[in-house]
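Inspection log for the structure reproduced underneath, given as structure tokens.
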Amino acid sequence: MNFESLKPSVISILSDHHGSTDEKLKNLCLFLSNSVTYYNWVGFYFANHDTKTLHLGPYVGAETDHTIIPFGKGICGQVAESNANFVVPDVSAQDNYIACSFTVKSEIVVPLFVNGKNIGQIDIDSHVIDPFTEADERFLEFVNQEVAKLF
């Protein structure tokens with residue numbers, strides 16, 4: 001996957017002067033899902049540090065019941081506490097995994113920082129075992145750096 005070729009579109013989607021932040025993020029999720037064949041569910045969770053919970057933001061993919069996730073629970077909740085990327089090559093091998101769908105085989109979560117504070121994350125599920133590489137991590141870090149400019 002040539003992630004470099006996707007970067008101009010990411011910038012363009014997020015710098016569009018029309019539409020709300022949520023609309024831009026939804027368009028970004030749609031773009032990523034359509035551009036990377038193994039990105040089957042793409043969405044954002046945003047942190048509420050007072051309640052120590054993550055709240056589902058814009059996403060594309062299958063419906064999810066996981067609209068609120070406590071810090072520490074599941075992959076997303078762990079990233080909220082660790083402030084580090086988390087790549088899960090095979091979700092069936094993870095003890096602290098919240099199953100969204102039997103079709104999900106792997107997951108990558110990259111924290112979103114604004115002024116050094118973890119305000120949320122991008123979460124991507126795949127129907128393929130072990131598709132995510134370091135290139136995915138670097139690209140999603142770039143995506144989140146661009147998203148951070150909206151806040």
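Going by the structure tokens order, chains are called A, B, ..., each with residues numbered from 1, while ligands are numbered from 1 in the order shown.
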query: Where does DSSP see alpha helix (DSSP H) in chain A, if you list the residues as a PyMOL selection string?
result: chain A and resi 7-15+21-35+74-82+134-148
- prompt: Quick one: residues within 7 Å of segment 21-30 of chain A, only C-alpha atoms counted, chain neighbours fewer than 5 positions away excluded, as a ChimeraX atom specification?
  reply: /A:10,13-14,42-43,58-60,150
Keeping N, CA and C atoms for every residue in the selection just given, could you write it to a file as a PDB file, in the first residue's frame?
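Heads up, here's the output in again_26.pdb:
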ATOM      1  N   VAL A  10      -6.119  13.185   2.424  1.00  0.00           N
ATOM      2  CA  VAL A  10      -6.405  13.350   3.857  1.00  0.00           C
ATOM      3  C   VAL A  10      -6.404  14.835   4.199  1.00  0.00           C
ATOM      4  N   ILE A  13      -9.498  16.619   2.614  1.00  0.00           N
ATOM      5  CA  ILE A  13     -10.755  16.324   3.309  1.00  0.00           C
ATOM      6  C   ILE A  13     -10.851  17.138   4.597  1.00  0.00           C
ATOM      7  N   LEU A  14      -9.760  17.182   5.341  1.00  0.00           N
ATOM      8  CA  LEU A  14      -9.781  17.849   6.646  1.00  0.00           C
ATOM      9  C   LEU A  14      -9.703  19.367   6.556  1.00  0.00           C
ATOM     10  N   VAL A  42     -13.708   1.825  10.259  1.00  0.00           N
ATOM     11  CA  VAL A  42     -12.828   2.955  10.570  1.00  0.00           C
ATOM     12  C   VAL A  42     -13.637   3.957  11.379  1.00  0.00           C
ATOM     13  N   GLY A  43     -13.126   4.309  12.553  1.00  0.00           N
ATOM     14  CA  GLY A  43     -13.853   5.264  13.369  1.00  0.00           C
ATOM     15  C   GLY A  43     -12.987   5.950  14.401  1.00  0.00           C
ATOM     16  N   PRO A  58     -17.559   9.840  14.804  1.00  0.00           N
ATOM     17  CA  PRO A  58     -17.853   9.427  13.435  1.00  0.00           C
ATOM     18  C   PRO A  58     -17.137   8.116  13.075  1.00  0.00           C
ATOM     19  N   TYR A  59     -17.837   7.281  12.314  1.00  0.00           N
ATOM     20  CA  TYR A  59     -17.247   6.015  11.862  1.00  0.00           C
ATOM     21  C   TYR A  59     -17.976   5.531  10.619  1.00  0.00           C
ATOM     22  N   VAL A  60     -17.351   4.583   9.934  1.00  0.00           N
ATOM     23  CA  VAL A  60     -17.992   3.858   8.834  1.00  0.00           C
ATOM     24  C   VAL A  60     -17.707   2.383   9.044  1.00  0.00           C
ATOM     25  N   LEU A 150      -7.956  20.200  13.741  1.00  0.00           N
ATOM     26  CA  LEU A 150      -9.360  20.582  13.800  1.00  0.00           C
ATOM     27  C   LEU A 150      -9.771  20.999  15.216  1.00  0.00           C
TER      28      LEU A 150
END
field: Residue neighbourhood Val91 of chain A, 8 Å, only C-alpha atoms, exclusion window fewer than 6 positions, as a ChimeraX atom specification
entry: /A:97,104-107
query: So which residues touch Gln145 of chain A within 12 Å, counting only C-alpha atoms, skipping near sequence neighbours fewer than 2 positions away, as number ranges by chain?
result: A: 7, 10-11, 14, 110-116, 118, 121-122, 138-143, 147-151
task: Can you work out which one of A:Ile69, A:Ser35, A:Gly74, A:Thr64 has the shortest atom-to-atom distance to Thr51 of chain A, counting only C-alpha atoms?
output: A:Ile69
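Note that the spacing between atom CA of Asp90 of chain A and atom CA of Ile75 of chain A amounts to 12.1 Å.
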Name the residues in contact with Tyr45 of chain A at a cut-off of 7 Å, using only C-alpha atoms, excluding same-chain residues fewer than 4 positions from it; report them as an mmCIF file with N, CA and C atoms, in the first residue's frame.
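This went into result_16.cif:
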data_model
loop_
_atom_site.group_PDB
_atom_site.id
_atom_site.type_symbol
_atom_site.label_atom_id
_atom_site.label_comp_id
_atom_site.auth_asym_id
_atom_site.auth_seq_id
_atom_site.Cartn_x
_atom_site.Cartn_y
_atom_site.Cartn_z
ATOM 1 N N LEU A 54 -14.374 6.519 26.863
ATOM 2 C CA LEU A 54 -14.264 6.877 25.452
ATOM 3 C C LEU A 54 -15.667 6.876 24.861
ATOM 4 N N HIS A 55 -15.929 7.838 23.973
ATOM 5 C CA HIS A 55 -17.245 7.956 23.353
ATOM 6 C C HIS A 55 -17.094 7.879 21.838
ATOM 7 N N LEU A 56 -17.900 7.032 21.230
ATOM 8 C CA LEU A 56 -17.843 6.816 19.794
ATOM 9 C C LEU A 56 -18.155 8.102 19.043
ATOM 10 N N GLY A 57 -17.304 8.425 18.092
ATOM 11 C CA GLY A 57 -17.516 9.561 17.208
ATOM 12 C C GLY A 57 -17.867 9.054 15.825
ATOM 13 N N GLY A 120 -8.353 11.250 22.170
ATOM 14 C CA GLY A 120 -9.114 10.195 21.520
ATOM 15 C C GLY A 120 -8.213 9.301 20.704
ATOM 16 N N GLN A 121 -8.804 8.677 19.695
ATOM 17 C CA GLN A 121 -8.045 7.721 18.897
ATOM 18 C C GLN A 121 -8.786 7.380 17.619
ATOM 19 N N ILE A 122 -8.002 6.910 16.665
ATOM 20 C CA ILE A 122 -8.587 6.306 15.480
ATOM 21 C C ILE A 122 -8.493 4.797 15.682
#
message: With distances taken over only C-alpha atoms, which residue among A:Asp125, A:Glu134, A:Glu63, A:Glu81 lies nearest Thr103 of chain A?
response: A:Asp125
- prompt: Between A:Met1, A:Val88, A:Leu6, A:Thr53, which has the minimum distance to Gly72 of chain A (counting only C-alpha atoms)?
  reply: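 Nearest to Gly72 of chain A: A:Thr53.
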Could you give me, as a tab-separated table (two decimals) with all heavy atoms, in the first residue's frame, each residue of chain A that DSSP assigns to strand (DSSP E) when run on this structure's backbone?
chain	number	residue	atom	x	y	z
A	41	TRP	N	-13.54	-1.39	9.15
A	41	TRP	CA	-14.30	-0.51	10.06
A	41	TRP	C	-13.33	0.58	10.48
A	41	TRP	O	-12.23	0.28	10.96
A	41	TRP	CB	-14.78	-1.30	11.28
A	41	TRP	CG	-15.75	-0.57	12.17
A	41	TRP	CD1	-17.10	-0.72	12.16
A	41	TRP	CD2	-15.46	0.39	13.20
A	41	TRP	NE1	-17.67	0.12	13.12
A	41	TRP	CE2	-16.68	0.80	13.77
A	41	TRP	CE3	-14.30	0.97	13.69
A	41	TRP	CZ2	-16.78	1.74	14.79
A	41	TRP	CZ3	-14.37	1.90	14.71
A	41	TRP	CH2	-15.60	2.28	15.26
A	42	VAL	N	-13.71	1.83	10.26
A	42	VAL	CA	-12.83	2.96	10.57
A	42	VAL	C	-13.64	3.96	11.38
A	42	VAL	O	-14.71	4.39	10.95
A	42	VAL	CB	-12.31	3.64	9.28
A	42	VAL	CG1	-11.41	4.81	9.63
A	42	VAL	CG2	-11.59	2.65	8.38
A	43	GLY	N	-13.13	4.31	12.55
A	43	GLY	CA	-13.85	5.26	13.37
A	43	GLY	C	-12.99	5.95	14.40
A	43	GLY	O	-11.82	5.60	14.60
A	44	PHE	N	-13.58	6.93	15.03
A	44	PHE	CA	-12.92	7.69	16.08
A	44	PHE	C	-13.66	7.53	17.40
A	44	PHE	O	-14.89	7.47	17.42
A	44	PHE	CB	-12.88	9.19	15.72
A	44	PHE	CG	-11.91	9.51	14.63
A	44	PHE	CD1	-12.30	9.47	13.31
A	44	PHE	CD2	-10.59	9.83	14.93
A	44	PHE	CE1	-11.39	9.76	12.29
A	44	PHE	CE2	-9.68	10.12	13.93
A	44	PHE	CZ	-10.09	10.08	12.61
A	45	TYR	N	-12.89	7.44	18.46
A	45	TYR	CA	-13.42	7.52	19.82
A	45	TYR	C	-12.79	8.75	20.46
A	45	TYR	O	-11.60	9.03	20.23
A	45	TYR	CB	-13.05	6.28	20.64
A	45	TYR	CG	-13.91	5.09	20.34
A	45	TYR	CD1	-13.54	4.15	19.38
A	45	TYR	CD2	-15.10	4.88	21.03
A	45	TYR	CE1	-14.32	3.04	19.12
A	45	TYR	CE2	-15.90	3.78	20.77
A	45	TYR	CZ	-15.50	2.86	19.81
A	45	TYR	OH	-16.29	1.77	19.54
A	46	PHE	N	-13.57	9.45	21.27
A	46	PHE	CA	-13.07	10.65	21.96
A	46	PHE	C	-13.18	10.47	23.46
A	46	PHE	O	-14.16	9.92	23.97
A	46	PHE	CB	-13.82	11.89	21.48
A	46	PHE	CG	-13.48	12.22	20.06
A	46	PHE	CD1	-14.29	11.81	19.01
A	46	PHE	CD2	-12.30	12.89	19.76
A	46	PHE	CE1	-13.95	12.08	17.70
A	46	PHE	CE2	-11.95	13.16	18.45
A	46	PHE	CZ	-12.78	12.76	17.42
A	47	ALA	N	-12.15	10.93	24.16
A	47	ALA	CA	-12.02	10.72	25.60
A	47	ALA	C	-12.79	11.76	26.40
A	47	ALA	O	-12.80	12.94	26.07
A	47	ALA	CB	-10.54	10.76	25.99
A	48	ASN	N	-13.41	11.27	27.47
A	48	ASN	CA	-13.94	12.13	28.52
A	48	ASN	C	-13.09	11.79	29.75
A	48	ASN	O	-13.27	10.73	30.36
A	48	ASN	CB	-15.42	11.86	28.79
A	48	ASN	CG	-15.97	12.74	29.89
A	48	ASN	OD1	-15.29	13.04	30.87
A	48	ASN	ND2	-17.21	13.15	29.73
A	53	THR	N	-13.90	7.65	30.24
A	53	THR	CA	-14.58	6.86	29.22
A	53	THR	C	-14.26	7.41	27.84
A	53	THR	O	-13.95	8.58	27.67
A	53	THR	CB	-16.11	6.88	29.42
A	53	THR	OG1	-16.55	8.24	29.52
A	53	THR	CG2	-16.53	6.11	30.66
A	54	LEU	N	-14.37	6.52	26.86
A	54	LEU	CA	-14.26	6.88	25.45
A	54	LEU	C	-15.67	6.88	24.86
A	54	LEU	O	-16.48	5.99	25.18
A	54	LEU	CB	-13.40	5.86	24.70
A	54	LEU	CG	-11.94	5.82	25.08
A	54	LEU	CD1	-11.29	4.56	24.51
A	54	LEU	CD2	-11.22	7.06	24.56
A	55	HIS	N	-15.93	7.84	23.97
A	55	HIS	CA	-17.25	7.96	23.35
A	55	HIS	C	-17.09	7.88	21.84
A	55	HIS	O	-16.26	8.59	21.25
A	55	HIS	CB	-17.90	9.26	23.78
A	55	HIS	CG	-18.13	9.29	25.26
A	55	HIS	ND1	-19.34	8.99	25.82
A	55	HIS	CD2	-17.28	9.53	26.29
A	55	HIS	CE1	-19.24	9.05	27.13
A	55	HIS	NE2	-17.99	9.37	27.45
A	56	LEU	N	-17.90	7.03	21.23
A	56	LEU	CA	-17.84	6.82	19.79
A	56	LEU	C	-18.16	8.10	19.04
A	56	LEU	O	-19.14	8.78	19.34
A	56	LEU	CB	-18.83	5.72	19.38
A	56	LEU	CG	-18.85	5.33	17.91
A	56	LEU	CD1	-17.50	4.78	17.46
A	56	LEU	CD2	-19.95	4.31	17.65
A	57	GLY	N	-17.30	8.42	18.09
A	57	GLY	CA	-17.52	9.56	17.21
A	57	GLY	C	-17.87	9.05	15.82
A	57	GLY	O	-18.39	7.94	15.66
A	58	PRO	N	-17.56	9.84	14.80
A	58	PRO	CA	-17.85	9.43	13.43
A	58	PRO	C	-17.14	8.12	13.07
A	58	PRO	O	-16.00	7.90	13.48
A	58	PRO	CB	-17.32	10.59	12.59
A	58	PRO	CG	-17.35	11.76	13.52
A	58	PRO	CD	-17.01	11.20	14.86
A	59	TYR	N	-17.84	7.28	12.31
A	59	TYR	CA	-17.25	6.02	11.86
A	59	TYR	C	-17.98	5.53	10.62
A	59	TYR	O	-19.08	5.99	10.31
A	59	TYR	CB	-17.30	4.96	12.97
A	59	TYR	CG	-18.66	4.38	13.24
A	59	TYR	CD1	-19.08	3.20	12.62
A	59	TYR	CD2	-19.54	5.00	14.11
A	59	TYR	CE1	-20.33	2.67	12.87
A	59	TYR	CE2	-20.80	4.48	14.37
A	59	TYR	CZ	-21.19	3.31	13.74
A	59	TYR	OH	-22.44	2.79	13.98
A	60	VAL	N	-17.35	4.58	9.93
A	60	VAL	CA	-17.99	3.86	8.83
A	60	VAL	C	-17.71	2.38	9.04
A	60	VAL	O	-16.64	2.00	9.51
A	60	VAL	CB	-17.51	4.30	7.43
A	60	VAL	CG1	-17.89	5.74	7.15
A	60	VAL	CG2	-16.03	4.10	7.25
A	68	ILE	N	-19.72	3.57	24.29
A	68	ILE	CA	-18.97	4.10	25.43
A	68	ILE	C	-18.07	2.97	25.95
A	68	ILE	O	-18.56	1.87	26.23
A	68	ILE	CB	-19.89	4.60	26.56
A	68	ILE	CG1	-20.79	5.73	26.03
A	68	ILE	CG2	-19.08	5.06	27.76
A	68	ILE	CD1	-21.83	6.21	27.02
A	69	ILE	N	-16.77	3.25	26.06
A	69	ILE	CA	-15.80	2.26	26.51
A	69	ILE	C	-15.03	2.83	27.69
A	69	ILE	O	-14.43	3.91	27.57
A	69	ILE	CB	-14.82	1.89	25.37
A	69	ILE	CG1	-15.57	1.31	24.17
A	69	ILE	CG2	-13.75	0.93	25.87
A	69	ILE	CD1	-14.70	1.07	22.95
A	70	PRO	N	-15.01	2.14	28.82
A	70	PRO	CA	-14.23	2.61	29.95
A	70	PRO	C	-12.72	2.55	29.65
A	70	PRO	O	-12.27	1.62	28.96
A	70	PRO	CB	-14.57	1.63	31.08
A	70	PRO	CG	-15.80	0.91	30.63
A	70	PRO	CD	-15.78	0.93	29.14
A	86	PHE	N	-1.51	0.56	19.44
A	86	PHE	CA	-1.74	-0.84	19.79
A	86	PHE	C	-2.17	-1.55	18.51
A	86	PHE	O	-3.20	-1.23	17.93
A	86	PHE	CB	-2.83	-0.95	20.85
A	86	PHE	CG	-2.85	-2.25	21.62
A	86	PHE	CD1	-3.31	-2.26	22.93
A	86	PHE	CD2	-2.45	-3.46	21.07
A	86	PHE	CE1	-3.35	-3.44	23.67
A	86	PHE	CE2	-2.48	-4.63	21.78
A	86	PHE	CZ	-2.93	-4.63	23.10
A	87	VAL	N	-1.36	-2.52	18.09
A	87	VAL	CA	-1.66	-3.33	16.91
A	87	VAL	C	-1.96	-4.74	17.39
A	87	VAL	O	-1.16	-5.34	18.12
A	87	VAL	CB	-0.48	-3.34	15.92
A	87	VAL	CG1	-0.80	-4.23	14.72
A	87	VAL	CG2	-0.14	-1.93	15.47
A	88	VAL	N	-3.11	-5.25	17.00
A	88	VAL	CA	-3.52	-6.60	17.38
A	88	VAL	C	-3.59	-7.44	16.10
A	88	VAL	O	-4.56	-7.33	15.34
A	88	VAL	CB	-4.88	-6.60	18.10
A	88	VAL	CG1	-5.27	-8.01	18.52
A	88	VAL	CG2	-4.85	-5.66	19.29
A	106	SER	N	-8.52	-8.54	13.16
A	106	SER	CA	-7.37	-7.77	13.66
A	106	SER	C	-7.80	-6.32	13.86
A	106	SER	O	-8.84	-5.89	13.34
A	106	SER	CB	-6.19	-7.87	12.69
A	106	SER	OG	-6.58	-7.44	11.40
A	107	GLU	N	-6.96	-5.59	14.60
A	107	GLU	CA	-7.32	-4.21	14.94
A	107	GLU	C	-6.05	-3.38	15.14
A	107	GLU	O	-5.03	-3.89	15.58
A	107	GLU	CB	-8.14	-4.20	16.24
A	107	GLU	CG	-8.63	-2.84	16.67
A	107	GLU	CD	-9.57	-2.91	17.87
A	107	GLU	OE1	-9.67	-3.98	18.52
A	107	GLU	OE2	-10.20	-1.89	18.18
A	108	ILE	N	-6.16	-2.10	14.80
A	108	ILE	CA	-5.09	-1.13	15.09
A	108	ILE	C	-5.76	0.11	15.69
A	108	ILE	O	-6.80	0.55	15.20
A	108	ILE	CB	-4.27	-0.78	13.83
A	108	ILE	CG1	-3.09	0.14	14.20
A	108	ILE	CG2	-5.12	-0.19	12.74
A	108	ILE	CD1	-2.09	0.34	13.05
A	109	VAL	N	-5.15	0.61	16.76
A	109	VAL	CA	-5.65	1.81	17.42
A	109	VAL	C	-4.47	2.75	17.62
A	109	VAL	O	-3.44	2.35	18.15
A	109	VAL	CB	-6.32	1.49	18.78
A	109	VAL	CG1	-6.83	2.76	19.44
A	109	VAL	CG2	-7.46	0.48	18.58
A	110	VAL	N	-4.64	4.00	17.18
A	110	VAL	CA	-3.58	5.01	17.28
A	110	VAL	C	-4.15	6.22	18.01
A	110	VAL	O	-5.17	6.77	17.60
A	110	VAL	CB	-3.05	5.40	15.88
A	110	VAL	CG1	-2.01	6.51	15.98
A	110	VAL	CG2	-2.46	4.17	15.18
A	111	PRO	N	-3.50	6.63	19.11
A	111	PRO	CA	-4.02	7.76	19.89
A	111	PRO	C	-3.94	9.08	19.13
A	111	PRO	O	-3.07	9.27	18.27
A	111	PRO	CB	-3.13	7.78	21.14
A	111	PRO	CG	-1.90	7.06	20.76
A	111	PRO	CD	-2.26	6.09	19.68
A	112	LEU	N	-4.86	9.97	19.49
A	112	LEU	CA	-4.97	11.30	18.89
A	112	LEU	C	-4.58	12.33	19.96
A	112	LEU	O	-5.26	12.42	20.99
A	112	LEU	CB	-6.40	11.53	18.41
A	112	LEU	CG	-6.80	12.94	17.97
A	112	LEU	CD1	-5.95	13.40	16.80
A	112	LEU	CD2	-8.28	12.95	17.60
A	113	PHE	N	-3.51	13.04	19.72
A	113	PHE	CA	-3.02	14.03	20.68
A	113	PHE	C	-3.27	15.45	20.20
A	113	PHE	O	-3.03	15.76	19.04
A	113	PHE	CB	-1.51	13.86	20.91
A	113	PHE	CG	-1.13	12.55	21.52
A	113	PHE	CD1	-0.67	11.50	20.74
A	113	PHE	CD2	-1.25	12.35	22.88
A	113	PHE	CE1	-0.33	10.29	21.30
A	113	PHE	CE2	-0.92	11.14	23.46
A	113	PHE	CZ	-0.45	10.11	22.66
A	114	VAL	N	-3.74	16.29	21.10
A	114	VAL	CA	-3.87	17.72	20.86
A	114	VAL	C	-3.13	18.42	21.99
A	114	VAL	O	-3.46	18.21	23.17
A	114	VAL	CB	-5.34	18.17	20.79
A	114	VAL	CG1	-5.44	19.69	20.67
A	114	VAL	CG2	-6.04	17.50	19.61
A	117	LYS	N	-2.02	16.18	24.81
A	117	LYS	CA	-3.03	15.44	25.57
A	117	LYS	C	-3.76	14.46	24.66
A	117	LYS	O	-4.19	14.81	23.56
A	117	LYS	CB	-4.04	16.42	26.19
A	117	LYS	CG	-5.09	15.75	27.05
A	117	LYS	CD	-6.01	16.78	27.69
A	117	LYS	CE	-7.00	16.09	28.61
A	117	LYS	NZ	-7.88	17.05	29.28
A	118	ASN	N	-3.91	13.23	25.13
A	118	ASN	CA	-4.63	12.20	24.38
A	118	ASN	C	-6.13	12.49	24.47
A	118	ASN	O	-6.74	12.31	25.51
A	118	ASN	CB	-4.31	10.83	24.97
A	118	ASN	CG	-4.98	9.69	24.22
A	118	ASN	OD1	-5.86	9.89	23.40
A	118	ASN	ND2	-4.56	8.47	24.52
A	119	ILE	N	-6.70	13.00	23.36
A	119	ILE	CA	-8.13	13.35	23.36
A	119	ILE	C	-8.99	12.27	22.72
A	119	ILE	O	-10.21	12.37	22.72
A	119	ILE	CB	-8.40	14.70	22.66
A	119	ILE	CG1	-8.11	14.62	21.17
A	119	ILE	CG2	-7.61	15.82	23.32
A	119	ILE	CD1	-8.91	15.60	20.34
A	120	GLY	N	-8.35	11.25	22.17
A	120	GLY	CA	-9.11	10.19	21.52
A	120	GLY	C	-8.21	9.30	20.70
A	120	GLY	O	-7.01	9.21	20.97
A	121	GLN	N	-8.80	8.68	19.69
A	121	GLN	CA	-8.05	7.72	18.90
A	121	GLN	C	-8.79	7.38	17.62
A	121	GLN	O	-10.00	7.56	17.53
A	121	GLN	CB	-7.82	6.45	19.70
A	121	GLN	CG	-9.10	5.87	20.23
A	121	GLN	CD	-8.89	5.00	21.45
A	121	GLN	OE1	-9.44	3.91	21.48
A	121	GLN	NE2	-8.15	5.44	22.44
A	122	ILE	N	-8.00	6.91	16.67
A	122	ILE	CA	-8.59	6.31	15.48
A	122	ILE	C	-8.49	4.80	15.68
A	122	ILE	O	-7.48	4.28	16.17
A	122	ILE	CB	-7.90	6.77	14.17
A	122	ILE	CG1	-8.69	6.28	12.95
A	122	ILE	CG2	-6.44	6.36	14.12
A	122	ILE	CD1	-8.25	6.91	11.64
A	123	ASP	N	-9.57	4.13	15.36
A	123	ASP	CA	-9.69	2.68	15.57
A	123	ASP	C	-10.04	2.06	14.23
A	123	ASP	O	-10.98	2.50	13.56
A	123	ASP	CB	-10.79	2.42	16.61
A	123	ASP	CG	-11.04	0.95	16.86
A	123	ASP	OD1	-10.18	0.11	16.54
A	123	ASP	OD2	-12.13	0.63	17.39
A	124	ILE	N	-9.28	1.05	13.83
A	124	ILE	CA	-9.55	0.37	12.56
A	124	ILE	C	-9.58	-1.13	12.79
A	124	ILE	O	-8.67	-1.70	13.40
A	124	ILE	CB	-8.48	0.73	11.50
A	124	ILE	CG1	-8.52	2.24	11.25
A	124	ILE	CG2	-8.71	-0.07	10.21
A	124	ILE	CD1	-7.50	2.75	10.28
A	125	ASP	N	-10.66	-1.76	12.32
A	125	ASP	CA	-10.80	-3.21	12.37
A	125	ASP	C	-10.63	-3.75	10.96
A	125	ASP	O	-11.00	-3.09	9.97
A	125	ASP	CB	-12.20	-3.61	12.86
A	125	ASP	CG	-12.46	-3.22	14.29
A	125	ASP	OD1	-11.50	-2.98	15.05
A	125	ASP	OD2	-13.65	-3.16	14.67
A	126	SER	N	-10.10	-4.98	10.90
A	126	SER	CA	-9.92	-5.64	9.61
A	126	SER	C	-10.50	-7.05	9.67
A	126	SER	O	-10.48	-7.70	10.72
A	126	SER	CB	-8.43	-5.71	9.26
A	126	SER	OG	-8.26	-6.37	8.02
message: With distances taken over only C-alpha atoms, which residue among A:Gln78, A:Val36, A:Ala62, A:Pro131 lies nearest Phe3 of chain A?
response: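 Ranked by minimum distance to Phe3 of chain A, first place goes to A:Val36.
Take atom CA of Asn85 of chain A and atom CA of Ala135 of chain A: the distance between them is 12.6 Å.
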message: Report as a PyMOL selection string all protein, DNA and RNA residues lying within 6 Å of Phe71 of chain A, evaluated on only C-alpha atoms, omitting residues in the same chain fewer than 5 positions from it.
response: chain A and resi 52-53+77+80
Same residues, C-alpha atoms, output as a short mmCIF file (atom, residue, chain, number, x, y, z; two decimals), in the first residue's frame:
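Output (part_37.cif):
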data_model
loop_
_atom_site.label_atom_id
_atom_site.label_comp_id
_atom_site.auth_asym_id
_atom_site.auth_seq_id
_atom_site.Cartn_x
_atom_site.Cartn_y
_atom_site.Cartn_z
CA LYS A 52 -12.55 8.03 32.20
CA THR A 53 -14.58 6.86 29.22
CA GLY A 77 -9.54 1.53 26.51
CA ALA A 80 -6.58 5.64 26.37
#
